[in-house]
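The next block is data_26.csv, given as CSV, C-alpha atoms and all ligand atoms.
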```
chain,number,residue,atom,x,y,z
A,1443,MET,CA,0.0,0.0,0.0
A,1444,ARG,CA,1.3,3.5,-0.9
A,1445,LYS,CA,1.4,6.1,1.8
A,1446,GLN,CA,-1.3,8.8,1.6
A,1447,ILE,CA,0.3,12.2,2.2
A,1448,VAL,CA,-0.8,15.8,2.5
A,1449,ALA,CA,2.1,18.2,2.6
A,1450,GLY,CA,1.8,21.9,3.1
A,1451,ASN,CA,4.2,24.3,1.3
A,1452,TRP,CA,3.9,27.6,3.2
A,1453,LYS,CA,6.2,29.3,0.7
A,1454,MET,CA,7.4,32.8,1.8
A,1455,ASN,CA,4.5,33.3,4.3
A,1456,THR,CA,4.2,33.5,8.1
A,1457,THR,CA,6.4,34.9,10.8
A,1458,PRO,CA,7.8,32.5,13.3
A,1459,GLU,CA,5.0,33.4,15.7
A,1460,GLU,CA,2.3,32.9,13.1
A,1461,GLY,CA,3.9,29.7,11.9
A,1462,ILE,CA,3.9,28.2,15.4
A,1463,ALA,CA,0.3,29.2,16.0
A,1464,LEU,CA,-0.6,27.6,12.6
A,1465,VAL,CA,1.1,24.3,13.3
A,1466,LYS,CA,-0.4,24.2,16.8
A,1467,ARG,CA,-3.9,24.5,15.3
A,1468,ILE,CA,-3.0,21.9,12.7
A,1469,MET,CA,-1.9,19.6,15.5
A,1470,GLU,CA,-5.1,20.1,17.4
A,1471,LEU,CA,-7.3,19.5,14.3
A,1472,SER,CA,-5.3,16.5,13.1
A,1473,THR,CA,-7.0,14.2,15.6
A,1474,SER,CA,-9.8,14.0,13.1
A,1475,VAL,CA,-7.6,12.7,10.3
A,1476,PRO,CA,-7.2,8.9,9.8
A,1477,SER,CA,-3.9,7.9,11.4
A,1478,ASP,CA,-2.4,6.4,8.3
A,1479,VAL,CA,-2.5,9.8,6.5
A,1480,GLU,CA,1.0,11.5,6.7
A,1481,ILE,CA,0.8,15.2,7.4
A,1482,VAL,CA,3.8,17.4,6.6
A,1483,VAL,CA,4.2,21.2,7.0
A,1484,SER,CA,7.0,23.1,5.2
A,1485,PRO,CA,7.6,26.5,6.9
A,1486,PRO,CA,10.3,29.0,5.9
A,1487,PHE,CA,13.8,28.2,7.2
A,1488,THR,CA,13.6,30.9,9.9
A,1489,HIS,CA,11.1,28.8,11.9
A,1490,LEU,CA,11.9,25.3,10.8
A,1491,TYR,CA,13.7,24.4,14.1
A,1492,ALA,CA,11.0,26.0,16.3
A,1493,ILE,CA,8.2,24.2,14.3
A,1494,ALA,CA,10.0,20.9,14.3
A,1495,SER,CA,10.5,21.2,18.1
A,1496,SER,CA,6.9,22.0,18.7
A,1497,ILE,CA,5.6,19.0,16.8
A,1498,LYS,CA,8.2,16.6,18.2
A,1499,ASN,CA,5.7,14.3,20.0
A,1500,SER,CA,2.9,14.6,17.4
A,1501,ARG,CA,2.1,12.9,14.1
A,1502,ILE,CA,2.9,16.0,12.1
A,1503,LYS,CA,6.2,16.1,10.2
A,1504,ALA,CA,8.3,19.1,9.1
A,1505,GLY,CA,9.9,19.7,5.8
A,1506,SER,CA,12.0,22.5,4.3
A,1507,GLN,CA,11.2,24.1,1.0
A,1508,ASN,CA,14.6,23.8,-0.5
A,1509,CYS,CA,18.2,22.8,0.4
A,1510,ALA,CA,21.7,23.7,-0.8
A,1511,ALA,CA,23.3,21.7,-3.6
A,1512,TRP,CA,26.5,21.5,-1.6
A,1513,LYS,CA,27.3,19.6,1.6
A,1514,LYS,CA,28.9,22.5,3.6
A,1515,GLY,CA,31.3,25.4,3.2
A,1516,ALA,CA,31.5,28.9,1.8
A,1517,TYR,CA,28.1,29.3,0.2
A,1518,THR,CA,26.7,32.5,1.8
A,1519,GLY,CA,23.0,32.3,2.4
A,1520,GLU,CA,22.6,28.6,1.7
A,1521,ILE,CA,21.1,26.0,4.1
A,1522,SER,CA,22.6,22.4,4.0
A,1523,VAL,CA,20.7,19.1,4.2
A,1524,ASP,CA,22.6,18.4,7.5
A,1525,MET,CA,21.3,21.6,9.0
A,1526,ILE,CA,17.8,20.8,7.9
A,1527,SER,CA,18.0,17.4,9.3
A,1528,ALA,CA,19.5,18.6,12.6
A,1529,ALA,CA,16.7,21.2,12.8
A,1530,GLY,CA,14.3,18.3,13.1
A,1531,ALA,CA,12.9,18.1,9.6
A,1532,SER,CA,12.2,14.8,7.8
A,1533,HIS,CA,11.3,16.1,4.4
A,1534,VAL,CA,12.6,18.5,1.8
A,1535,ILE,CA,10.8,19.9,-1.3
A,1536,ILE,CA,13.2,19.8,-4.3
A,1537,GLY,CA,12.6,21.3,-7.7
A,1538,HIS,CA,9.5,23.3,-7.0
A,1539,SER,CA,8.6,25.3,-10.2
A,1540,GLU,CA,9.2,28.5,-8.3
A,1541,ARG,CA,12.7,27.4,-7.6
A,1542,ARG,CA,13.2,26.4,-11.3
A,1543,GLU,CA,11.7,29.6,-12.6
A,1544,TYR,CA,13.1,32.3,-10.2
A,1545,PHE,CA,16.3,30.7,-9.2
A,1546,ASN,CA,17.2,28.9,-12.4
A,1547,GLU,CA,17.4,25.5,-10.8
A,1548,THR,CA,18.0,22.9,-13.5
A,1549,SER,CA,18.0,19.1,-13.5
A,1550,PRO,CA,21.7,18.5,-12.7
A,1551,THR,CA,21.4,20.7,-9.6
A,1552,LEU,CA,18.2,19.0,-8.5
A,1553,LEU,CA,19.8,15.6,-8.9
A,1554,GLU,CA,22.6,16.7,-6.6
A,1555,LYS,CA,20.1,18.1,-4.1
A,1556,ILE,CA,18.2,14.8,-4.0
A,1557,LYS,CA,21.4,12.8,-3.5
A,1558,LEU,CA,22.5,15.1,-0.6
A,1559,ALA,CA,19.0,14.9,0.9
A,1560,LEU,CA,19.0,11.1,0.9
A,1561,SER,CA,22.5,11.1,2.4
A,1562,SER,CA,21.1,13.1,5.3
A,1563,ASP,CA,18.1,10.8,5.7
A,1564,LEU,CA,15.7,13.4,4.4
A,1565,THR,CA,12.7,12.4,2.2
A,1566,PRO,CA,12.8,14.5,-1.0
A,1567,ILE,CA,9.5,15.7,-2.4
A,1568,PHE,CA,10.5,16.0,-6.0
A,1569,CYS,CA,8.3,18.4,-8.0
A,1570,CYS,CA,7.6,18.3,-11.7
A,1571,GLY,CA,5.0,19.9,-14.0
A,1572,GLU,CA,4.4,21.6,-17.3
A,1573,VAL,CA,3.8,25.2,-18.2
A,1574,LEU,CA,0.5,26.2,-19.9
A,1575,GLU,CA,2.1,26.5,-23.4
A,1576,ASP,CA,3.2,22.9,-23.1
A,1577,ARG,CA,-0.3,21.8,-22.2
A,1578,ASP,CA,-1.9,23.9,-24.9
A,1579,ALA,CA,0.5,22.5,-27.5
A,1580,ASP,CA,-0.2,19.0,-26.2
A,1581,MET,CA,3.4,18.7,-25.1
A,1582,HIS,CA,2.7,18.2,-21.4
A,1583,PHE,CA,3.6,14.6,-21.3
A,1584,ASP,CA,6.9,15.2,-23.1
A,1585,ALA,CA,7.8,18.1,-20.7
A,1586,VAL,CA,7.2,16.1,-17.6
A,1587,LYS,CA,9.0,13.1,-19.0
A,1588,VAL,CA,12.2,15.1,-19.5
A,1589,GLN,CA,12.0,16.4,-15.9
A,1590,ILE,CA,11.6,12.9,-14.6
A,1591,GLU,CA,14.2,11.3,-16.8
A,1592,GLU,CA,16.8,13.9,-16.2
A,1593,VAL,CA,16.6,13.5,-12.4
A,1594,LEU,CA,14.7,10.5,-11.0
A,1595,CYS,CA,15.8,8.0,-13.7
A,1596,LYS,CA,19.4,8.8,-12.8
A,1597,LEU,CA,19.0,7.5,-9.3
A,1598,LYS,CA,19.5,4.0,-8.1
A,1599,SER,CA,16.4,1.8,-7.4
A,1600,LYS,CA,16.9,1.9,-3.7
A,1601,GLU,CA,17.2,5.7,-3.8
A,1602,VAL,CA,14.1,6.3,-5.8
A,1603,GLN,CA,12.0,4.2,-3.4
A,1604,LYS,CA,12.6,6.8,-0.8
A,1605,ILE,CA,11.3,9.7,-2.8
A,1606,ILE,CA,7.9,11.3,-3.0
A,1607,ILE,CA,6.9,12.8,-6.4
A,1608,ALA,CA,4.6,15.9,-6.7
A,1609,TYR,CA,3.0,16.7,-10.0
A,1610,GLU,CA,2.2,20.4,-10.1
A,1611,PRO,CA,1.0,21.8,-13.4
A,1612,ILE,CA,2.4,25.3,-13.3
A,1613,TRP,CA,-0.7,26.8,-14.8
A,1614,ALA,CA,-2.6,25.5,-11.7
A,1615,ILE,CA,-0.3,26.9,-9.0
A,1616,GLY,CA,-1.9,29.8,-7.2
A,1617,THR,CA,-4.2,30.5,-10.1
A,1618,GLY,CA,-7.4,29.0,-8.7
A,1619,ARG,CA,-7.4,26.8,-11.9
A,1620,THR,CA,-7.1,23.2,-10.8
A,1621,ALA,CA,-6.3,20.3,-13.1
A,1622,THR,CA,-9.4,18.1,-13.5
A,1623,PRO,CA,-9.2,14.8,-11.7
A,1624,GLU,CA,-8.9,13.1,-15.1
A,1625,GLN,CA,-5.9,15.4,-16.0
A,1626,ALA,CA,-4.2,14.6,-12.7
A,1627,GLN,CA,-4.9,10.9,-13.0
A,1628,GLU,CA,-3.6,10.6,-16.6
A,1629,MET,CA,-0.3,12.4,-15.7
A,1630,HIS,CA,0.2,10.5,-12.5
A,1631,SER,CA,-0.3,7.2,-14.3
A,1632,PHE,CA,2.1,8.4,-17.0
A,1633,ILE,CA,4.7,9.3,-14.4
A,1634,ARG,CA,4.2,5.9,-12.7
A,1635,LYS,CA,4.7,4.2,-16.1
A,1636,ILE,CA,8.0,6.0,-16.6
A,1637,MET,CA,9.1,4.8,-13.2
A,1638,ALA,CA,7.9,1.2,-13.9
A,1639,ASP,CA,9.8,1.1,-17.2
A,1640,LYS,CA,13.0,2.1,-15.5
A,1641,PHE,CA,12.7,0.5,-12.0
A,1642,GLY,CA,10.0,-2.2,-12.3
A,1643,ASP,CA,6.4,-2.4,-11.2
A,1644,ASP,CA,7.1,-3.0,-7.5
A,1645,VAL,CA,9.1,0.1,-7.2
A,1646,ALA,CA,6.8,2.3,-9.3
A,1647,ASN,CA,3.8,1.1,-7.3
A,1648,SER,CA,5.4,1.9,-4.0
A,1649,ILE,CA,6.1,5.6,-4.8
A,1650,SER,CA,3.5,8.2,-3.6
A,1651,ILE,CA,2.7,10.7,-6.2
A,1652,LEU,CA,1.0,13.9,-4.9
A,1653,TYR,CA,-1.0,16.4,-6.9
A,1654,GLY,CA,-0.4,20.2,-6.4
A,1655,GLY,CA,-2.0,23.3,-7.8
A,1656,SER,CA,-5.0,25.1,-6.3
A,1657,CYS,CA,-6.0,22.0,-4.3
A,1658,LYS,CA,-8.7,23.0,-1.9
A,1659,PRO,CA,-11.2,21.3,0.5
A,1660,THR,CA,-13.8,21.7,-2.3
A,1661,ASN,CA,-11.9,19.8,-4.9
A,1662,ALA,CA,-9.5,17.5,-3.0
A,1663,ALA,CA,-11.8,14.5,-2.6
A,1664,GLU,CA,-12.5,14.1,-6.3
A,1665,ILE,CA,-8.8,14.4,-7.1
A,1666,PHE,CA,-7.7,12.1,-4.3
A,1667,ALA,CA,-10.3,9.5,-5.4
A,1668,LYS,CA,-8.2,8.8,-8.5
A,1669,PRO,CA,-6.1,5.6,-8.3
A,1670,ASP,CA,-2.7,7.1,-9.0
A,1671,VAL,CA,-3.2,10.2,-6.8
A,1672,ASP,CA,-1.7,9.6,-3.4
A,1673,GLY,CA,-2.3,13.0,-1.8
A,1674,GLY,CA,-1.5,16.6,-2.3
A,1675,LEU,CA,1.2,19.3,-2.1
A,1676,ILE,CA,-0.8,22.2,-0.9
A,1677,GLY,CA,0.2,25.9,-1.2
A,1678,GLY,CA,-2.4,28.6,-0.3
A,1679,ALA,CA,-4.8,26.3,1.5
A,1680,SER,CA,-2.1,25.0,3.8
A,1681,LEU,CA,-1.9,28.4,5.5
A,1682,ASP,CA,-5.4,27.9,6.9
A,1683,ALA,CA,-5.4,25.1,9.5
A,1684,ALA,CA,-9.1,24.1,8.9
A,1685,ASP,CA,-8.7,24.0,5.1
A,1686,PHE,CA,-5.5,22.1,5.3
A,1687,ILE,CA,-7.0,19.5,7.6
A,1688,ALA,CA,-10.2,19.3,5.5
A,1689,ILE,CA,-7.9,18.4,2.6
A,1690,ALA,CA,-6.2,15.7,4.7
A,1691,GLN,CA,-9.6,14.3,5.4
A,1692,SER,CA,-10.4,14.0,1.7
A,1693,PHE,CA,-9.0,10.5,1.0
A,1694,PRO,CA,-11.5,7.8,0.0
A,1695,GLN,CA,-12.4,5.7,3.0
B,1701,LIG,P1,-1.3,26.4,-4.5
B,1701,LIG,O1,-2.0,25.3,-3.7
B,1701,LIG,O2,-1.3,27.8,-3.8
B,1701,LIG,O3,-1.9,26.5,-5.9
B,1701,LIG,O4,0.2,26.1,-4.6
B,1701,LIG,C1,0.6,24.8,-5.0
B,1701,LIG,C2,2.0,24.7,-4.8
B,1701,LIG,O5,2.8,25.3,-5.4
B,1701,LIG,C3,2.5,23.8,-3.7
B,1701,LIG,O6,3.8,23.5,-3.8
```

Could you render the structure as structure tokens?
Ligand code: 13P
Amino acid sequence: MRKQIVAGNWKMNTTPEEGIALVKRIMELSTSVPSDVEIVVSPPFTHLYAIASSIKNSRIKAGSQNCAAWKKGAYTGEISVDMISAAGASHVIIGHSERREYFNETSPTLLEKIKLALSSDLTPIFCCGEVLEDRDADMHFDAVKVQIEEVLCKLKSKEVQKIIIAYEPIWAIGTGRTATPEQAQEMHSFIRKIMADKFGDDVANSISILYGGSCKPTNAAEIFAKPDVDGGLIGGASLDAADFIAIAQSFPQ
């Protein structure tokens, strides 16, 4: 059975105080979520340690939104995987489209980050997804295939089994325009097929693939009902504890 996961990506939002209040509320409300659903929050680096400390004895897990592509040293402003892990995080988002677009992150860098994250026992949440022009030109499968092949297909089988994939069509991020459940399903099953062709069915069937892009309490259930959708990577709606928890309650029973 694949893990069902709801991960919040807070992006560049919340002060430390607001973040701690938010995660406390998420913790309180999480008692209503089935215990096999994994819940992850990804605050900004400034409050990662405080958040990870405050959730220590709870079911909630903490992740970072990025990590450095180097182990340690003279890289002013960067945060290493060892620091993230020592801060108490268990997950790290890698290759978010905003990192690719605004910080020019490319596949070789993302591959390096994934390897470093795994070496520090962090679970990478690897993001992929096409721009609107690709979808309009019916090139969305090709675009995502390249992203997967250039990074995940370069890993060893035992490494790839530790990864979570997030499919986030860029045209759906923060736009209020969600992929239809059918669009999500066909891409998730396409991604799983790429993994199966490279690593075999058992590995492919063990990897959780999350959907991200304007996922809300109103649309999560129909998206999560699809067989290859194993949860969501949630942006805006993860900043509201009640909405985030409502999404975590949206898995088919
Ligand atoms: P929204 O849920 O705000 O569309 O963001 C999705 C996302 O980018 C999560 O990483």

Using only C-alpha atoms and all ligand atoms, which residues have at least one atom no more than 10 Å from ligand LIG 1701 (chain B)? Output them as number ranges by chain. A: 1449-1453, 1484, 1507, 1535, 1537-1540, 1567, 1569, 1608-1620, 1653-1658, 1674-1681

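Residue nearest Gln1695 of chain A, chosen from A:Met1581, A:Val1479, A:Ile1606, A:Ala1463 and counting all atoms listed in the file: A:Val1479.
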
Which of these, A:Gly1461, A:Pro1550, A:Pro1623, A:Gly1673, has the shortest distance to Ile1493 of chain A once you count all atoms listed in the file?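 Distance minimum relative to Ile1493 of chain A lands on A:Gly1461.
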
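With only the atoms specified (all atoms listed in the file) counting, those residues at most 9 Å away from (-11.4, 14.2, -2.7) are Pro1659, Thr1660, Asn1661, Ala1662, Ala1663, Glu1664, Ile1665, Phe1666, Ala1667, Lys1668, Ile1689, Gln1691, Ser1692, Phe1693 and Pro1694 of chain A.
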
Which neighbours of Arg1634 of chain A fall inside 12 Å, counting only C-alpha atoms, when residues of the same chain fewer than 4 positions from it are skipped, and could you give them as a VMD selection string? chain A and resid 1586 to 1587 1590 1594 to 1595 1606 to 1609 1627 to 1630 1638 to 1652 1669 to 1672

Neighbouring residues of Gly1519 of chain A were defined as those with any atom within 12 Å, considering all atoms listed in the file; residues of the same chain fewer than 5 positions away were excluded. Please report them as a ChimeraX atom specification. /A:1487,1509-1510,1514

From the list A:Thr1457, A:Ser1599, A:Ser1477, A:Thr1565, which residue is nearest Ala1492 of chain A when using all atoms listed in the file?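 Comparing A:Thr1457, A:Ser1599, A:Ser1477, A:Thr1565 against Ala1492 of chain A, the winner is A:Thr1457.
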
As a check of understanding: the span from atom CA of Gln1603 of chain A to atom CA of Leu1564 of chain A is 12.6 Å

Using all atoms listed in the file, can you list as a PDB file with C-alpha atoms, in the frame of the given file the residues within 12 Å of (15.1, 25.9, 12.8)?
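Contents of part-v3.pdb, freshly written:
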```pdb
ATOM      1  CA  PRO A1458       7.800  32.500  13.300  1.00  0.00           C
ATOM      2  CA  GLY A1461       3.900  29.700  11.900  1.00  0.00           C
ATOM      3  CA  ILE A1462       3.900  28.200  15.400  1.00  0.00           C
ATOM      4  CA  SER A1484       7.000  23.100   5.200  1.00  0.00           C
ATOM      5  CA  PRO A1485       7.600  26.500   6.900  1.00  0.00           C
ATOM      6  CA  PRO A1486      10.300  29.000   5.900  1.00  0.00           C
ATOM      7  CA  PHE A1487      13.800  28.200   7.200  1.00  0.00           C
ATOM      8  CA  THR A1488      13.600  30.900   9.900  1.00  0.00           C
ATOM      9  CA  HIS A1489      11.100  28.800  11.900  1.00  0.00           C
ATOM     10  CA  LEU A1490      11.900  25.300  10.800  1.00  0.00           C
ATOM     11  CA  TYR A1491      13.700  24.400  14.100  1.00  0.00           C
ATOM     12  CA  ALA A1492      11.000  26.000  16.300  1.00  0.00           C
ATOM     13  CA  ILE A1493       8.200  24.200  14.300  1.00  0.00           C
ATOM     14  CA  ALA A1494      10.000  20.900  14.300  1.00  0.00           C
ATOM     15  CA  SER A1495      10.500  21.200  18.100  1.00  0.00           C
ATOM     16  CA  SER A1496       6.900  22.000  18.700  1.00  0.00           C
ATOM     17  CA  ALA A1504       8.300  19.100   9.100  1.00  0.00           C
ATOM     18  CA  GLY A1505       9.900  19.700   5.800  1.00  0.00           C
ATOM     19  CA  SER A1506      12.000  22.500   4.300  1.00  0.00           C
ATOM     20  CA  ILE A1521      21.100  26.000   4.100  1.00  0.00           C
ATOM     21  CA  ASP A1524      22.600  18.400   7.500  1.00  0.00           C
ATOM     22  CA  MET A1525      21.300  21.600   9.000  1.00  0.00           C
ATOM     23  CA  ILE A1526      17.800  20.800   7.900  1.00  0.00           C
ATOM     24  CA  SER A1527      18.000  17.400   9.300  1.00  0.00           C
ATOM     25  CA  ALA A1528      19.500  18.600  12.600  1.00  0.00           C
ATOM     26  CA  ALA A1529      16.700  21.200  12.800  1.00  0.00           C
ATOM     27  CA  GLY A1530      14.300  18.300  13.100  1.00  0.00           C
ATOM     28  CA  ALA A1531      12.900  18.100   9.600  1.00  0.00           C
TER      29      ALA A1531
END
```

One decimal place gives the atom CA of Gly1571 of chain A-atom CA of Ile1502 of chain A separation as 26.5 Å

Closest of A:Thr1622, A:Thr1473, A:Thr1551, A:Ser1631 to Asn1508 of chain A, counting all atoms listed in the file, is A:Thr1551

Would you work out the distance separating atom CA of Val1483 of chain A from atom CA of Glu1601 of chain A, expressed in Å to one decimal?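 That distance, rounded to one decimal, is 22.9 Å.
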
A:Val1523, A:Val1448, A:Met1443, A:Ala1579 ranked by distance to Phe1686 of chain A, top pick (using all atoms listed in the file): A:Val1448

Would you kindly place all heavy atoms on segment 1593-1604 of chain A and return the model as a PDB file, keeping the file's coordinate frame?
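Output (result_23.pdb):
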```
ATOM      1  N   VAL A1593      16.282  13.511 -13.837  1.00  0.00           N
ATOM      2  CA  VAL A1593      16.600  13.500 -12.400  1.00  0.00           C
ATOM      3  C   VAL A1593      16.314  12.093 -11.808  1.00  0.00           C
ATOM      4  O   VAL A1593      17.230  11.357 -11.467  1.00  0.00           O
ATOM      5  CB  VAL A1593      15.806  14.573 -11.634  1.00  0.00           C
ATOM      6  CG1 VAL A1593      16.183  14.557 -10.157  1.00  0.00           C
ATOM      7  CG2 VAL A1593      16.072  15.954 -12.228  1.00  0.00           C
ATOM      8  N   LEU A1594      15.058  11.713 -11.738  1.00  0.00           N
ATOM      9  CA  LEU A1594      14.700  10.500 -11.000  1.00  0.00           C
ATOM     10  C   LEU A1594      15.276   9.236 -11.691  1.00  0.00           C
ATOM     11  O   LEU A1594      15.697   8.291 -11.017  1.00  0.00           O
ATOM     12  CB  LEU A1594      13.201  10.364 -10.846  1.00  0.00           C
ATOM     13  CG  LEU A1594      12.541  11.501 -10.044  1.00  0.00           C
ATOM     14  CD1 LEU A1594      11.070  11.179  -9.792  1.00  0.00           C
ATOM     15  CD2 LEU A1594      13.260  11.774  -8.740  1.00  0.00           C
ATOM     16  N   CYS A1595      15.289   9.218 -13.018  1.00  0.00           N
ATOM     17  CA  CYS A1595      15.800   8.000 -13.700  1.00  0.00           C
ATOM     18  C   CYS A1595      17.297   7.879 -13.581  1.00  0.00           C
ATOM     19  O   CYS A1595      17.856   6.850 -13.930  1.00  0.00           O
ATOM     20  CB  CYS A1595      15.365   8.034 -15.182  1.00  0.00           C
ATOM     21  SG  CYS A1595      13.587   7.784 -15.367  1.00  0.00           S
ATOM     22  N   LYS A1596      17.953   8.893 -13.059  1.00  0.00           N
ATOM     23  CA  LYS A1596      19.400   8.800 -12.800  1.00  0.00           C
ATOM     24  C   LYS A1596      19.738   8.279 -11.452  1.00  0.00           C
ATOM     25  O   LYS A1596      20.918   8.126 -11.101  1.00  0.00           O
ATOM     26  CB  LYS A1596      20.035  10.192 -13.035  1.00  0.00           C
ATOM     27  CG  LYS A1596      19.858  10.731 -14.450  1.00  0.00           C
ATOM     28  CD  LYS A1596      21.087  11.491 -14.900  1.00  0.00           C
ATOM     29  CE  LYS A1596      21.324  11.430 -16.384  1.00  0.00           C
ATOM     30  NZ  LYS A1596      20.390  12.121 -17.215  1.00  0.00           N
ATOM     31  N   LEU A1597      18.722   8.011 -10.657  1.00  0.00           N
ATOM     32  CA  LEU A1597      19.000   7.500  -9.300  1.00  0.00           C
ATOM     33  C   LEU A1597      19.002   5.973  -9.324  1.00  0.00           C
ATOM     34  O   LEU A1597      18.556   5.333 -10.280  1.00  0.00           O
ATOM     35  CB  LEU A1597      17.822   7.946  -8.376  1.00  0.00           C
ATOM     36  CG  LEU A1597      17.752   9.454  -8.101  1.00  0.00           C
ATOM     37  CD1 LEU A1597      16.450   9.782  -7.391  1.00  0.00           C
ATOM     38  CD2 LEU A1597      18.950   9.931  -7.292  1.00  0.00           C
ATOM     39  N   LYS A1598      19.498   5.408  -8.245  1.00  0.00           N
ATOM     40  CA  LYS A1598      19.500   4.000  -8.100  1.00  0.00           C
ATOM     41  C   LYS A1598      18.084   3.561  -7.596  1.00  0.00           C
ATOM     42  O   LYS A1598      17.400   4.363  -6.952  1.00  0.00           O
ATOM     43  CB  LYS A1598      20.522   3.508  -7.091  1.00  0.00           C
ATOM     44  CG  LYS A1598      21.940   3.813  -7.514  1.00  0.00           C
ATOM     45  CD  LYS A1598      22.910   3.118  -6.566  1.00  0.00           C
ATOM     46  CE  LYS A1598      24.343   3.386  -6.938  1.00  0.00           C
ATOM     47  NZ  LYS A1598      24.843   4.672  -6.482  1.00  0.00           N
ATOM     48  N   SER A1599      17.734   2.311  -7.830  1.00  0.00           N
ATOM     49  CA  SER A1599      16.400   1.800  -7.400  1.00  0.00           C
ATOM     50  C   SER A1599      16.167   2.044  -5.924  1.00  0.00           C
ATOM     51  O   SER A1599      15.113   2.507  -5.510  1.00  0.00           O
ATOM     52  CB  SER A1599      16.299   0.357  -7.794  1.00  0.00           C
ATOM     53  OG  SER A1599      15.109  -0.150  -7.310  1.00  0.00           O
ATOM     54  N   LYS A1600      17.171   1.754  -5.118  1.00  0.00           N
ATOM     55  CA  LYS A1600      16.900   1.900  -3.700  1.00  0.00           C
ATOM     56  C   LYS A1600      16.836   3.344  -3.235  1.00  0.00           C
ATOM     57  O   LYS A1600      16.265   3.644  -2.190  1.00  0.00           O
ATOM     58  CB  LYS A1600      18.005   1.115  -2.864  1.00  0.00           C
ATOM     59  CG  LYS A1600      19.412   1.633  -2.945  1.00  0.00           C
ATOM     60  CD  LYS A1600      20.265   0.822  -1.967  1.00  0.00           C
ATOM     61  CE  LYS A1600      21.622   1.380  -1.664  1.00  0.00           C
ATOM     62  NZ  LYS A1600      22.492   1.750  -2.738  1.00  0.00           N
ATOM     63  N   GLU A1601      17.368   4.256  -4.071  1.00  0.00           N
ATOM     64  CA  GLU A1601      17.200   5.700  -3.800  1.00  0.00           C
ATOM     65  C   GLU A1601      15.837   6.189  -4.146  1.00  0.00           C
ATOM     66  O   GLU A1601      15.176   6.900  -3.383  1.00  0.00           O
ATOM     67  CB  GLU A1601      18.282   6.495  -4.540  1.00  0.00           C
ATOM     68  CG  GLU A1601      19.713   6.212  -4.100  1.00  0.00           C
ATOM     69  CD  GLU A1601      20.742   6.888  -4.993  1.00  0.00           C
ATOM     70  OE1 GLU A1601      20.551   6.965  -6.238  1.00  0.00           O
ATOM     71  OE2 GLU A1601      21.764   7.325  -4.462  1.00  0.00           O
ATOM     72  N   VAL A1602      15.397   5.778  -5.321  1.00  0.00           N
ATOM     73  CA  VAL A1602      14.100   6.300  -5.800  1.00  0.00           C
ATOM     74  C   VAL A1602      12.940   5.837  -4.965  1.00  0.00           C
ATOM     75  O   VAL A1602      11.929   6.520  -4.854  1.00  0.00           O
ATOM     76  CB  VAL A1602      13.990   5.927  -7.336  1.00  0.00           C
ATOM     77  CG1 VAL A1602      13.295   4.633  -7.559  1.00  0.00           C
ATOM     78  CG2 VAL A1602      13.333   7.046  -8.089  1.00  0.00           C
ATOM     79  N   GLN A1603      13.131   4.718  -4.304  1.00  0.00           N
ATOM     80  CA  GLN A1603      12.000   4.200  -3.400  1.00  0.00           C
ATOM     81  C   GLN A1603      11.813   5.086  -2.218  1.00  0.00           C
ATOM     82  O   GLN A1603      10.805   4.963  -1.537  1.00  0.00           O
ATOM     83  CB  GLN A1603      12.400   2.795  -2.958  1.00  0.00           C
ATOM     84  CG  GLN A1603      12.336   1.788  -4.070  1.00  0.00           C
ATOM     85  CD  GLN A1603      12.763   0.405  -3.605  1.00  0.00           C
ATOM     86  OE1 GLN A1603      12.238  -0.112  -2.636  1.00  0.00           O
ATOM     87  NE2 GLN A1603      13.702  -0.183  -4.302  1.00  0.00           N
ATOM     88  N   LYS A1604      12.777   5.976  -1.934  1.00  0.00           N
ATOM     89  CA  LYS A1604      12.600   6.800  -0.800  1.00  0.00           C
ATOM     90  C   LYS A1604      12.072   8.206  -1.110  1.00  0.00           C
ATOM     91  O   LYS A1604      12.027   9.103  -0.273  1.00  0.00           O
ATOM     92  CB  LYS A1604      14.031   7.019  -0.104  1.00  0.00           C
ATOM     93  CG  LYS A1604      14.598   5.719   0.430  1.00  0.00           C
ATOM     94  CD  LYS A1604      15.951   5.955   1.062  1.00  0.00           C
ATOM     95  CE  LYS A1604      16.535   4.652   1.561  1.00  0.00           C
ATOM     96  NZ  LYS A1604      17.993   4.694   1.623  1.00  0.00           N
TER      97      LYS A1604
END
```
